[in-house]
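target-v9.cif (mmCIF, C-alpha atoms)
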data_coords
#
loop_
_atom_site.label_atom_id
_atom_site.label_comp_id
_atom_site.auth_asym_id
_atom_site.auth_seq_id
_atom_site.Cartn_x
_atom_site.Cartn_y
_atom_site.Cartn_z
CA MET F 1 135.90 -158.80 -5.47
CA LYS F 2 136.94 -161.20 -8.21
CA HIS F 3 140.39 -161.64 -6.68
CA ARG F 4 138.98 -162.33 -3.22
CA GLY F 5 136.53 -164.86 -4.69
CA ARG F 6 139.36 -166.62 -6.49
CA HIS F 7 141.41 -166.77 -3.29
CA ARG F 8 138.46 -168.25 -1.39
CA ARG F 9 138.06 -170.90 -4.08
CA GLN F 10 141.76 -171.67 -3.88
CA ARG F 11 141.55 -172.10 -0.09
CA ARG F 12 138.50 -174.35 -0.46
CA GLY F 13 140.35 -176.33 -3.11
CA ARG F 14 143.37 -176.78 -0.86
CA ALA F 15 141.13 -177.82 2.02
CA LEU F 16 139.35 -180.40 -0.13
CA ARG F 17 142.62 -181.79 -1.45
CA ALA F 18 143.97 -182.02 2.11
CA PHE F 19 140.81 -183.79 3.27
CA LEU F 20 140.88 -186.24 0.37
CA ALA F 21 144.58 -186.87 0.93
CA GLY F 22 143.88 -187.68 4.57
CA THR F 23 141.06 -190.01 3.55
CA ALA F 24 143.32 -191.72 1.03
CA LEU F 25 146.04 -192.21 3.64
CA ALA F 26 143.56 -193.77 6.03
CA LEU F 27 142.24 -196.07 3.34
CA THR F 28 145.74 -196.93 2.24
CA GLY F 29 146.50 -197.98 5.80
CA ALA F 30 143.46 -200.21 5.69
CA ALA F 31 144.59 -201.59 2.36
CA THR F 32 147.84 -202.82 3.86
CA MET F 33 145.79 -205.07 6.13
CA ILE F 34 144.25 -206.93 3.21
CA SER F 35 144.98 -210.61 3.50
CA ALA F 36 147.98 -211.95 1.67
CA SER F 37 145.73 -214.02 -0.56
CA GLN F 38 143.84 -210.92 -1.67
CA ALA F 39 146.97 -208.81 -2.03
CA THR F 40 148.52 -211.23 -4.49
CA ASP F 41 145.42 -212.39 -6.29
CA SER F 42 145.49 -209.86 -9.09
CA GLU F 43 145.67 -212.50 -11.85
CA ASP F 44 147.50 -210.39 -14.38
CA PRO F 45 145.27 -210.40 -17.50
CA GLY F 46 148.28 -209.84 -19.73
CA ALA F 47 148.31 -207.98 -23.01
CA LEU F 48 145.22 -207.39 -25.09
CA LYS F 49 144.65 -209.90 -27.86
CA PRO F 50 143.39 -208.40 -31.14
CA VAL F 51 140.28 -210.03 -32.57
CA ILE F 52 141.08 -210.82 -36.21
CA SER F 53 138.21 -213.15 -37.03
CA SER F 54 135.91 -211.45 -39.54
CA GLU F 55 133.04 -213.55 -38.24
CA ARG F 56 133.53 -212.30 -34.67
CA ILE F 57 133.87 -208.70 -35.85
CA ALA F 58 130.67 -209.11 -37.86
CA ALA F 59 128.92 -210.38 -34.72
CA LEU F 60 129.40 -206.89 -33.23
CA ARG F 61 127.41 -205.21 -36.03
CA TRP F 62 124.59 -202.91 -34.92
CA GLN F 63 121.47 -201.84 -36.78
CA GLU F 64 120.44 -198.21 -36.41
CA GLN F 65 116.74 -197.54 -35.93
CA GLN F 66 115.40 -193.99 -35.85
CA VAL F 67 112.14 -192.88 -34.29
CA PRO F 68 110.07 -191.18 -37.04
CA GLU F 69 110.27 -187.40 -36.93
CA ALA F 70 106.47 -187.25 -37.00
CA THR F 71 106.34 -189.29 -33.77
CA LEU F 72 108.73 -186.93 -31.99
CA ASP F 73 106.93 -183.86 -33.30
CA ARG F 74 103.53 -185.19 -32.17
CA LEU F 75 104.86 -185.81 -28.66
CA ALA F 76 106.36 -182.32 -28.54
CA SER F 77 103.15 -180.73 -29.77
CA GLU F 78 101.24 -182.52 -27.01
CA MET F 79 103.68 -181.76 -24.19
CA GLY F 80 104.98 -178.37 -25.20
CA ARG F 81 108.03 -176.90 -26.87
CA PRO F 82 111.28 -178.83 -26.15
CA VAL F 83 113.93 -177.18 -24.01
CA GLY F 84 117.70 -177.51 -23.92
CA VAL F 85 120.28 -178.36 -21.29
CA SER F 86 120.60 -174.80 -19.98
CA ALA F 87 116.88 -174.66 -19.15
CA VAL F 88 117.19 -177.89 -17.16
CA LEU F 89 120.20 -176.57 -15.23
CA GLN F 90 118.30 -173.41 -14.33
CA ASP F 91 115.73 -175.59 -12.57
CA ALA F 92 118.32 -177.45 -10.46
CA ASP F 93 116.65 -178.19 -7.13
CA HIS F 94 119.15 -180.55 -5.42
CA SER F 95 122.75 -180.28 -4.29
CA LEU F 96 125.58 -182.74 -3.81
CA ARG F 97 127.51 -182.53 -0.57
CA ALA F 98 131.22 -181.74 -0.28
CA ALA F 99 133.43 -184.68 0.66
CA ALA F 100 134.09 -183.20 4.10
CA ASP F 101 130.35 -183.45 4.82
CA CYS F 102 129.87 -186.99 3.45
CA PRO F 103 129.32 -190.00 5.73
CA ALA F 104 132.46 -192.06 6.39
CA GLU F 105 130.71 -195.11 4.95
CA ASP F 106 130.20 -193.31 1.64
CA LEU F 107 133.84 -192.18 1.51
CA LYS F 108 134.95 -195.83 1.54
CA ALA F 109 133.80 -196.01 -2.08
CA LEU F 110 136.59 -193.67 -3.19
CA PRO F 111 139.78 -195.11 -4.69
CA VAL F 112 142.72 -195.53 -2.33
CA GLU F 113 145.37 -194.90 -4.98
CA PRO F 114 145.35 -192.72 -6.90
CA SER F 115 143.19 -190.56 -4.68
CA ALA F 116 140.32 -188.46 -5.97
CA THR F 117 141.02 -184.76 -6.39
CA ARG F 118 137.32 -183.94 -6.63
CA ALA F 119 134.65 -185.79 -4.66
CA GLN F 120 131.07 -185.10 -3.61
CA CYS F 121 128.26 -187.36 -2.43
CA TRP F 122 124.61 -187.69 -3.31
CA ASP F 123 121.91 -187.20 -0.73
CA ALA F 124 120.90 -190.69 0.35
CA THR F 125 117.25 -189.69 0.69
CA ASP F 126 117.21 -188.55 -2.94
CA THR F 127 118.77 -191.76 -4.29
CA ARG F 128 117.21 -194.35 -1.97
CA SER F 129 116.23 -197.51 -3.94
CA TRP F 130 118.15 -196.23 -7.01
CA GLN F 131 121.35 -197.83 -8.30
CA PRO F 132 124.19 -195.61 -9.60
CA GLY F 133 125.48 -196.28 -13.07
CA ALA F 134 127.09 -194.36 -15.90
CA VAL F 135 128.75 -190.94 -15.98
CA THR F 136 129.45 -188.67 -18.94
CA THR F 137 130.22 -184.95 -19.17
CA SER F 138 130.20 -181.91 -21.41
CA GLY F 139 133.86 -182.83 -21.89
CA ASP F 140 132.52 -185.67 -24.04
CA ALA F 141 129.93 -183.48 -25.73
CA ASP F 142 132.36 -180.86 -27.04
CA ASP F 143 136.13 -180.73 -27.21
CA ASP F 144 136.26 -177.42 -25.32
CA GLY F 145 134.62 -179.13 -22.34
CA LEU F 146 131.55 -176.88 -22.37
CA TRP F 147 128.00 -177.20 -23.63
CA GLY F 148 127.26 -173.64 -24.66
CA GLN F 149 128.44 -171.67 -21.64
CA ASN F 150 127.95 -174.51 -19.17
CA ARG F 151 130.14 -177.19 -17.63
CA VAL F 152 127.91 -180.23 -17.09
CA VAL F 153 128.11 -183.72 -15.60
CA LEU F 154 125.44 -186.34 -16.36
CA SER F 155 124.92 -189.17 -13.88
CA GLY F 156 122.72 -192.16 -14.70
CA TRP F 157 120.67 -194.13 -12.15
CA SER F 158 118.21 -197.01 -12.44
CA GLN F 159 115.53 -198.62 -10.28
CA ASN F 160 113.85 -202.04 -10.29
CA ALA F 161 115.04 -202.96 -13.78
CA ALA F 162 115.48 -206.61 -12.77
CA ALA F 163 111.85 -206.73 -11.63
CA GLY F 164 110.61 -205.98 -15.14
CA HIS F 165 109.07 -202.57 -14.39
CA GLY F 166 112.12 -200.40 -13.98
CA LEU F 167 113.00 -196.76 -14.40
CA ALA F 168 116.10 -194.95 -15.61
CA ARG F 169 116.89 -191.34 -14.90
CA VAL F 170 119.79 -188.93 -15.40
CA ALA F 171 120.93 -186.19 -13.04
CA PHE F 172 121.83 -183.07 -15.01
CA VAL F 173 124.56 -181.62 -12.79
CA ASP F 174 125.51 -177.95 -13.04
CA ALA F 175 129.30 -178.11 -12.67
CA ASN F 176 130.09 -174.47 -13.39
CA ASP F 177 131.15 -174.16 -9.75
CA LEU F 178 133.00 -177.40 -9.02
CA ASP F 179 132.86 -176.66 -5.29
CA ARG F 180 129.06 -176.53 -5.38
CA LEU F 181 127.35 -179.03 -7.66
CA THR F 182 123.59 -178.68 -8.13
CA TYR F 183 121.33 -180.90 -10.20
CA THR F 184 117.86 -181.94 -11.26
CA TRP F 185 116.49 -185.24 -12.56
CA VAL F 186 115.41 -186.11 -16.10
CA LEU F 187 113.57 -189.38 -16.76
CA LEU F 188 114.64 -191.45 -19.79
CA THR F 189 111.63 -192.49 -21.84
CA VAL F 190 110.63 -194.11 -25.13
CA PRO F 191 107.81 -192.71 -27.33
CA VAL F 192 104.90 -195.11 -27.96
CA ASP F 193 101.65 -195.03 -29.93
CA GLY F 194 103.09 -192.79 -32.61
CA GLY F 195 104.04 -190.10 -30.12
CA ARG F 196 100.72 -189.99 -28.32
CA ASP F 197 102.35 -191.33 -25.16
CA PHE F 198 105.69 -192.48 -23.72
CA ARG F 199 106.92 -195.25 -21.46
CA ALA F 200 109.88 -195.48 -19.12
CA LEU F 201 113.18 -196.93 -20.30
CA ASP F 202 113.01 -200.19 -18.38
CA SER F 203 116.70 -200.97 -18.01
CA ASP F 204 119.86 -200.49 -15.99
CA VAL F 205 122.05 -197.60 -17.11
CA SER F 206 125.59 -198.97 -16.98
CA GLY F 207 127.06 -197.11 -19.96
CA MET F 208 126.42 -193.58 -21.24
CA VAL F 209 128.17 -191.18 -23.64
CA TRP F 210 127.14 -187.61 -24.47
CA TYR F 211 128.58 -186.80 -27.90
CA GLN F 212 127.68 -183.57 -29.67
CA ASP F 213 123.89 -183.23 -29.28
CA LYS F 214 123.17 -186.92 -28.65
CA LEU F 215 123.20 -189.05 -25.50
CA LEU F 216 123.84 -192.78 -26.05
CA VAL F 217 122.68 -195.04 -23.22
CA THR F 218 123.05 -198.79 -22.74
CA ALA F 219 119.89 -200.83 -22.25
CA ALA F 220 118.98 -204.50 -21.98
CA ASP F 221 118.13 -204.70 -25.70
CA GLY F 222 120.76 -202.37 -27.16
CA VAL F 223 121.83 -198.73 -27.00
CA TYR F 224 119.22 -195.95 -27.00
CA VAL F 225 119.84 -192.51 -28.48
CA TYR F 226 118.52 -189.26 -26.98
CA ASP F 227 118.57 -185.75 -28.44
CA MET F 228 119.75 -183.23 -25.83
CA ASN F 229 117.75 -180.52 -27.58
CA ARG F 230 114.48 -182.43 -27.09
CA VAL F 231 114.01 -182.32 -23.32
CA LEU F 232 110.29 -182.01 -22.50
CA ARG F 233 108.60 -180.66 -19.39
CA THR F 234 106.05 -182.63 -17.43
CA SER F 235 102.85 -181.09 -16.02
CA VAL F 236 101.63 -183.53 -13.35
CA ASP F 237 103.51 -184.48 -10.18
CA SER F 238 102.75 -188.17 -9.65
CA THR F 239 104.47 -191.56 -9.65
CA ALA F 240 102.87 -192.46 -13.00
CA VAL F 241 104.84 -192.39 -16.25
CA GLY F 242 103.27 -191.07 -19.44
CA ARG F 243 99.95 -189.46 -20.25
CA VAL F 244 97.69 -189.07 -17.21
CA PRO F 245 94.48 -187.19 -16.53
CA GLY F 246 95.39 -183.53 -16.64
CA GLY F 247 98.66 -183.85 -18.54
CA TRP F 248 101.95 -185.73 -18.39
CA SER F 249 103.81 -187.38 -15.52
CA ALA F 250 107.32 -188.82 -15.16
CA HIS F 251 107.59 -190.41 -11.72
CA ARG F 252 107.83 -187.04 -9.98
CA THR F 253 110.53 -185.63 -12.25
CA ARG F 254 109.94 -182.33 -14.02
CA PHE F 255 111.64 -183.31 -17.28
CA VAL F 256 111.75 -186.26 -19.67
CA LEU F 257 114.01 -187.22 -22.55
CA PRO F 258 112.25 -189.24 -25.27
CA ALA F 259 114.44 -191.62 -27.28
CA VAL F 260 115.03 -190.58 -30.88
CA GLY F 261 116.63 -193.85 -31.99
CA SER F 262 118.49 -196.98 -31.01
CA TYR F 263 121.25 -199.39 -31.99
CA ARG F 264 120.56 -203.09 -31.67
CA PRO F 265 122.43 -206.26 -32.63
CA VAL F 266 121.67 -207.28 -36.20
CA ASP F 267 120.92 -210.79 -34.95
CA PRO F 268 119.68 -210.30 -31.36
CA ALA F 269 119.13 -214.02 -30.86
CA LYS F 270 122.73 -214.84 -31.73
CA ASP F 271 124.99 -211.85 -31.17
CA THR F 272 124.87 -211.48 -27.40
CA ASP F 273 128.39 -209.99 -27.32
CA ALA F 274 127.09 -206.96 -29.21
CA ARG F 275 125.19 -205.77 -26.13
CA PRO F 276 127.66 -203.59 -24.23
CA PHE F 277 127.85 -202.99 -20.50
CA GLY F 278 130.26 -200.06 -20.46
CA LEU F 279 130.59 -197.14 -22.90
CA SER F 280 133.02 -194.25 -23.22
CA LEU F 281 134.25 -191.74 -25.78
CA ASP F 282 137.72 -191.77 -27.32
CA ARG F 283 138.77 -188.44 -28.85
CA SER F 284 142.28 -189.70 -29.65
CA THR F 285 141.05 -191.54 -32.76
CA ALA F 286 140.14 -190.09 -36.15
CA PRO F 287 137.22 -189.87 -36.30
CA ASP F 288 136.16 -189.87 -32.65
CA SER F 289 134.94 -193.28 -31.56
CA LEU F 290 132.57 -194.99 -29.17
CA VAL F 291 134.24 -197.60 -26.97
CA ALA F 292 132.29 -200.53 -25.53
CA SER F 293 132.94 -203.39 -23.13
CA GLU F 294 131.21 -206.70 -22.69
CA ARG F 295 129.59 -207.50 -19.36
CA THR F 296 131.47 -210.30 -17.62
CA THR F 297 131.41 -211.91 -14.18
CA ALA F 298 134.17 -212.96 -11.80
CA ASP F 299 133.49 -216.63 -12.49
CA GLY F 300 132.65 -216.25 -16.17
CA ASP F 301 134.25 -218.44 -18.82
CA GLY F 302 136.44 -217.00 -21.54
CA PRO F 303 137.88 -213.51 -22.11
CA ALA F 304 135.86 -210.29 -22.26
CA LEU F 305 135.52 -208.22 -25.41
CA LEU F 306 136.49 -204.57 -25.82
CA TRP F 307 135.61 -202.88 -29.10
CA ARG F 308 134.87 -199.56 -30.82
CA TYR F 309 132.69 -197.89 -33.48
CA SER F 310 133.41 -194.69 -35.40
CA PHE F 311 131.17 -191.66 -35.09
CA ALA F 312 129.75 -190.09 -38.24
CA THR F 313 131.53 -187.06 -39.67
CA ASP F 314 128.53 -185.81 -41.66
CA PRO F 315 127.11 -182.72 -39.87
CA ALA F 316 123.62 -183.96 -40.74
CA ARG F 317 124.27 -186.98 -38.51
CA SER F 318 125.69 -185.17 -35.50
CA GLY F 319 126.21 -187.44 -32.52
CA LEU F 320 125.33 -190.62 -34.42
CA LEU F 321 127.54 -193.52 -35.43
CA ALA F 322 128.87 -193.99 -38.92
CA THR F 323 126.61 -196.40 -40.84
CA ASP F 324 126.36 -197.96 -44.29
CA PHE F 325 123.50 -197.49 -46.76
CA ALA F 326 121.37 -199.96 -44.79
CA GLY F 327 121.89 -198.21 -41.44
CA ARG F 328 124.36 -200.78 -40.12
CA THR F 329 127.49 -199.92 -38.15
CA ASP F 330 130.47 -202.24 -37.82
CA ALA F 331 133.11 -202.37 -35.11
CA THR F 332 136.37 -200.89 -36.38
CA GLU F 333 138.49 -202.97 -33.99
CA ALA F 334 138.07 -205.39 -31.14
CA TYR F 335 140.24 -206.98 -28.45
CA GLU F 336 140.00 -209.73 -25.89
CA THR F 337 141.02 -209.10 -22.29
CA LYS F 338 141.45 -211.84 -19.73
CA ALA F 339 140.40 -209.43 -16.97
CA SER F 340 137.34 -210.82 -15.21
CA ASP F 341 134.29 -208.92 -13.95
CA VAL F 342 135.01 -205.98 -16.27
CA GLN F 343 132.90 -202.90 -15.60
CA GLY F 344 134.03 -199.46 -16.77
CA VAL F 345 136.13 -199.09 -19.91
CA LEU F 346 138.19 -196.20 -21.23
CA SER F 347 140.43 -195.97 -24.28
CA TYR F 348 142.94 -193.21 -24.98
CA ARG F 349 145.63 -193.42 -27.61
CA SER F 350 146.92 -197.00 -27.52
CA ASP F 351 145.95 -197.68 -23.90
CA TRP F 352 142.79 -199.33 -22.60
CA TYR F 353 141.73 -198.89 -18.98
CA VAL F 354 139.31 -201.39 -17.43
CA SER F 355 137.91 -201.33 -13.92
CA ARG F 356 137.21 -204.66 -12.24
CA ALA F 357 134.65 -205.07 -9.50
CA SER F 358 135.58 -206.44 -6.12
CA GLY F 359 135.16 -210.17 -5.78
CA GLU F 360 134.46 -209.89 -2.06
CA GLN F 361 131.81 -208.12 -0.04
CA ASP F 362 133.07 -204.73 1.12
CA GLY F 363 136.27 -205.34 -0.83
CA ARG F 364 138.08 -203.08 -3.28
CA GLY F 365 138.27 -203.34 -7.04
CA THR F 366 141.24 -203.03 -9.37
CA LEU F 367 142.02 -200.74 -12.28
CA TRP F 368 144.10 -202.12 -15.15
CA ARG F 369 145.77 -200.41 -18.07
CA GLN F 370 146.31 -202.75 -21.00
CA ASP F 371 147.75 -202.47 -24.47
CA ALA F 372 149.01 -204.86 -27.10
CA ASP F 373 152.15 -205.63 -25.06
CA THR F 374 151.51 -205.39 -21.31
CA ALA F 375 149.05 -205.00 -18.45
CA LYS F 376 149.60 -202.92 -15.31
CA ALA F 377 147.37 -202.19 -12.33
CA THR F 378 147.33 -199.31 -9.87
CA GLN F 379 149.06 -200.21 -6.60
CA CYS F 380 148.87 -199.01 -3.00
CA GLY F 381 150.01 -199.86 0.52
CA SER F 382 153.34 -201.10 1.79
CA ASP F 383 152.75 -204.49 0.18
CA GLU F 384 151.80 -202.88 -3.15
CA THR F 385 148.42 -204.53 -3.32
CA GLN F 386 146.49 -203.97 -6.53
CA HIS F 387 143.16 -203.71 -4.69
CA CYS F 388 143.25 -199.93 -4.67
CA TRP F 389 140.26 -198.96 -6.79
CA SER F 390 136.60 -198.48 -5.96
CA ALA F 391 134.56 -201.61 -5.42
CA ARG F 392 132.31 -200.88 -8.41
CA THR F 393 132.72 -198.23 -11.10
CA PRO F 394 130.57 -199.17 -14.09
CA SER F 395 131.64 -196.04 -15.94
CA LEU F 396 134.87 -194.16 -16.71
CA SER F 397 134.67 -190.86 -18.60
CA TYR F 398 137.72 -188.89 -19.72
CA TRP F 399 137.36 -185.10 -19.81
CA GLU F 400 140.15 -184.37 -22.26
CA ALA F 401 140.05 -180.59 -21.83
CA THR F 402 140.96 -180.96 -18.13
CA GLY F 403 142.81 -184.29 -18.22
CA GLU F 404 140.44 -185.76 -15.61
CA VAL F 405 138.65 -189.09 -15.40
CA TRP F 406 135.15 -188.92 -13.91
CA SER F 407 133.35 -191.85 -12.34
CA GLN F 408 130.99 -192.75 -9.51
CA SER F 409 130.83 -195.52 -6.97
CA GLY F 410 128.08 -195.94 -4.41
CA GLN F 411 127.05 -192.48 -3.26
CA MET F 412 130.27 -190.80 -4.42
CA LEU F 413 130.79 -188.83 -7.62
CA PHE F 414 134.50 -188.23 -8.10
CA ALA F 415 137.25 -187.21 -10.51
CA LEU F 416 141.02 -187.58 -10.70
CA PRO F 417 143.70 -186.86 -13.30
CA LEU F 418 144.41 -189.56 -15.87
CA ALA F 419 148.09 -188.78 -15.31
CA SER F 420 147.76 -189.78 -11.65
CA ILE F 421 146.34 -193.15 -12.71
CA ASP F 422 149.34 -193.70 -14.97
CA ARG F 423 151.74 -192.75 -12.18
CA SER F 424 150.10 -195.25 -9.82
CA LEU F 425 150.59 -198.23 -12.11
CA GLY F 426 152.86 -200.96 -10.82
#

Starting from the file, lay out its structure as structure tokens.
Amino acid sequence: MKHRGRHRRQRRGRALRAFLAGTALALTGAATMISASQATDSEDPGALKPVISSERIAALRWQEQQVPEATLDRLASEMGRPVGVSAVLQDADHSLRAAADCPAEDLKALPVEPSATRAQCWDATDTRSWQPGAVTTSGDADDDGLWGQNRVVLSGWSQNAAAGHGLARVAFVDANDLDRLTYTWVLLTVPVDGGRDFRALDSDVSGMVWYQDKLLVTAADGVYVYDMNRVLRTSVDSTAVGRVPGGWSAHRTRFVLPAVGSYRPVDPAKDTDARPFGLSLDRSTAPDSLVASERTTADGDGPALLWRYSFATDPARSGLLATDFAGRTDATEAYETKASDVQGVLSYRSDWYVSRASGEQDGRGTLWRQDADTAKATQCGSDETQHCWSARTPSLSYWEATGEVWSQSGQMLFALPLASIDRSLG
């Protein structure tokens, strides 16, 4: 039975690869029709420029703030014993759809070149009014790619953050069977009133890294930290968030994650660059490091910043950044890139990968690899246009154990080998 099951999976895998290859060919054909102005507009950002100014490096300093243990314990005593990731996965009540079953409009969000080797789409009815954001995986959490016995993908989404009363949630995706992804939602929250209540994290989720037992998430006022062993169950199914008559509600989700800490700019009124848009993990450094990118726009002035912080090596500070005696963490290096409208960022060895959003409606983005000497972009089509990437990918996550980069764009969650990105560079 095991052999027959493996052969069925292999046939499904070949069918998916054939379907994705056909989709990529069709999109590549469309890419060749891009206007000459767009095909040659790549504006090579050139090599990265190291930031050597001590003042600018100091401007990237973060202050760590931890939620008191008593606050977290009070909330847990009120809501019930915390559960872990495996318990959340066991309650998965939604499924992603295979690429072959996804609407053609959704498939347009996939890269043209290199093409995705894994791709599934979210149910539009389940994500209506929500904006996709960051992706991280158990490949970030542990170097063997597993969290316990599970292979997991986390996908962040936000709603109405710009209106001042937003929500942020994370899909915990069971990826043990990569041909059949199931998931359930967990609402990101912040304890208030000493742990007697909680509020929603009112922010977009553009960057997210799961490292060891902590989840670091970008927010409008900094980076929030969540403990993956402190997931709490709700007891009331309503649109309210927090304590309600009869128990606890989290906008119709069955689980919440309360923040256990945060990192904020030391001088929030001055150090705007210290608020990152994109986050990713780099396991090629010693120690492992958190990589961040500055939010920029297509018409913004000046270069964008890319920088990193080291993670702590003390087991008592698992998943947290290295700090000094005052709880401050400094960037260990920083670079300027002339790439505009930077979204996702990824660093591996001496290379930095940055995704750029499309400057045109229904257009395609670009993906650049930069280092201290050069810059190259992925290319496609007979005219070797550099507009081959997804229109918007705010997050890039490298699963080192498998060699794959995971991301999402629109309704599509997808993965492709890092080696294929390198091969596609012009």

Exercise. Out of F:Trp368, F:Trp62, F:Tyr398, F:Trp406, which residue has the shortest atom-to-atom distance to Ser155 (chain F) when counting only C-alpha atoms?
Worked result: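 The answer is F:Trp406, which sits nearest to Ser155 (chain F).
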
For this session: Choose the residue, out of F:Glu294, F:Glu384, F:Glu333, F:Asp106, that has the smallest atom-to-atom separation from Val354 (chain F); count only C-alpha atoms.
Result: F:Glu294

Exercise. What separation in Å, quoted to one decimal, exists between CA of Thr117 (chain F) and CA of Glu43 (chain F)?
Worked result: 28.7 Å

Problem set entry | Protein, DNA and RNA residues within 6 Å of (134.4, -204.2, -14.6), all atoms listed in the file, as a list in words |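 The residues near that point, listed by chain and number, are Asp341, Val342, Gln343, Gly344, Ser355, Arg356 and Ala357 of chain F.
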
For this session: Pick out the closest residue to Tyr309 (chain F) from this set: F:Ala59, F:Ala326, F:Ala334, F:Leu346. Count only C-alpha atoms.
Result: F:Ala334

Show me, as JSON lines, the residues of region 243-327 of chain F having an atom within 9 Å of region 231-236 of chain F, each with the closest atom pair and its distance in Å, using only C-alpha atoms.
{"residue": "F:Val244", "atom": "CA", "partner": "F:Val236", "partner_atom": "CA", "distance": 7.8}
{"residue": "F:Pro245", "atom": "CA", "partner": "F:Val236", "partner_atom": "CA", "distance": 8.6}
{"residue": "F:Gly246", "atom": "CA", "partner": "F:Val236", "partner_atom": "CA", "distance": 7.1}
{"residue": "F:Gly247", "atom": "CA", "partner": "F:Ser235", "partner_atom": "CA", "distance": 5.6}
{"residue": "F:Trp248", "atom": "CA", "partner": "F:Thr234", "partner_atom": "CA", "distance": 5.2}
{"residue": "F:Ser249", "atom": "CA", "partner": "F:Val236", "partner_atom": "CA", "distance": 4.9}
{"residue": "F:Ala250", "atom": "CA", "partner": "F:Thr234", "partner_atom": "CA", "distance": 6.7}
{"residue": "F:Arg252", "atom": "CA", "partner": "F:Val236", "partner_atom": "CA", "distance": 7.9}
{"residue": "F:Thr253", "atom": "CA", "partner": "F:Thr234", "partner_atom": "CA", "distance": 7.5}
{"residue": "F:Arg254", "atom": "CA", "partner": "F:Thr234", "partner_atom": "CA", "distance": 5.2}
{"residue": "F:Phe255", "atom": "CA", "partner": "F:Arg233", "partner_atom": "CA", "distance": 4.6}
{"residue": "F:Val256", "atom": "CA", "partner": "F:Leu232", "partner_atom": "CA", "distance": 5.3}
{"residue": "F:Leu257", "atom": "CA", "partner": "F:Val231", "partner_atom": "CA", "distance": 5.0}
{"residue": "F:Pro258", "atom": "CA", "partner": "F:Val231", "partner_atom": "CA", "distance": 7.4}

Problem set entry | Expansion of the PyMOL selection byres ((chain F and resi 158) around 12) into residues, as number ranges by chain | F: 127-134, 155-157, 159-163, 165-171, 185-188, 200-207, 217-219

Writing out the chosen residues with C-alpha atoms as a PDB file, in the frame of the given file:
ATOM      1  CA  THR F 127     118.770-191.760  -4.290  1.00  0.00           C
ATOM      2  CA  ARG F 128     117.210-194.350  -1.970  1.00  0.00           C
ATOM      3  CA  SER F 129     116.230-197.510  -3.940  1.00  0.00           C
ATOM      4  CA  TRP F 130     118.150-196.230  -7.010  1.00  0.00           C
ATOM      5  CA  GLN F 131     121.350-197.830  -8.300  1.00  0.00           C
ATOM      6  CA  PRO F 132     124.190-195.610  -9.600  1.00  0.00           C
ATOM      7  CA  GLY F 133     125.480-196.280 -13.070  1.00  0.00           C
ATOM      8  CA  ALA F 134     127.090-194.360 -15.900  1.00  0.00           C
ATOM      9  CA  SER F 155     124.920-189.170 -13.880  1.00  0.00           C
ATOM     10  CA  GLY F 156     122.720-192.160 -14.700  1.00  0.00           C
ATOM     11  CA  TRP F 157     120.670-194.130 -12.150  1.00  0.00           C
ATOM     12  CA  GLN F 159     115.530-198.620 -10.280  1.00  0.00           C
ATOM     13  CA  ASN F 160     113.850-202.040 -10.290  1.00  0.00           C
ATOM     14  CA  ALA F 161     115.040-202.960 -13.780  1.00  0.00           C
ATOM     15  CA  ALA F 162     115.480-206.610 -12.770  1.00  0.00           C
ATOM     16  CA  ALA F 163     111.850-206.730 -11.630  1.00  0.00           C
ATOM     17  CA  HIS F 165     109.070-202.570 -14.390  1.00  0.00           C
ATOM     18  CA  GLY F 166     112.120-200.400 -13.980  1.00  0.00           C
ATOM     19  CA  LEU F 167     113.000-196.760 -14.400  1.00  0.00           C
ATOM     20  CA  ALA F 168     116.100-194.950 -15.610  1.00  0.00           C
ATOM     21  CA  ARG F 169     116.890-191.340 -14.900  1.00  0.00           C
ATOM     22  CA  VAL F 170     119.790-188.930 -15.400  1.00  0.00           C
ATOM     23  CA  ALA F 171     120.930-186.190 -13.040  1.00  0.00           C
ATOM     24  CA  TRP F 185     116.490-185.240 -12.560  1.00  0.00           C
ATOM     25  CA  VAL F 186     115.410-186.110 -16.100  1.00  0.00           C
ATOM     26  CA  LEU F 187     113.570-189.380 -16.760  1.00  0.00           C
ATOM     27  CA  LEU F 188     114.640-191.450 -19.790  1.00  0.00           C
ATOM     28  CA  ALA F 200     109.880-195.480 -19.120  1.00  0.00           C
ATOM     29  CA  LEU F 201     113.180-196.930 -20.300  1.00  0.00           C
ATOM     30  CA  ASP F 202     113.010-200.190 -18.380  1.00  0.00           C
ATOM     31  CA  SER F 203     116.700-200.970 -18.010  1.00  0.00           C
ATOM     32  CA  ASP F 204     119.860-200.490 -15.990  1.00  0.00           C
ATOM     33  CA  VAL F 205     122.050-197.600 -17.110  1.00  0.00           C
ATOM     34  CA  SER F 206     125.590-198.970 -16.980  1.00  0.00           C
ATOM     35  CA  GLY F 207     127.060-197.110 -19.960  1.00  0.00           C
ATOM     36  CA  VAL F 217     122.680-195.040 -23.220  1.00  0.00           C
ATOM     37  CA  THR F 218     123.050-198.790 -22.740  1.00  0.00           C
ATOM     38  CA  ALA F 219     119.890-200.830 -22.250  1.00  0.00           C
TER      39      ALA F 219
END

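CA of Leu396 (chain F) is found 23.0 Å from CA of Ala322 (chain F).
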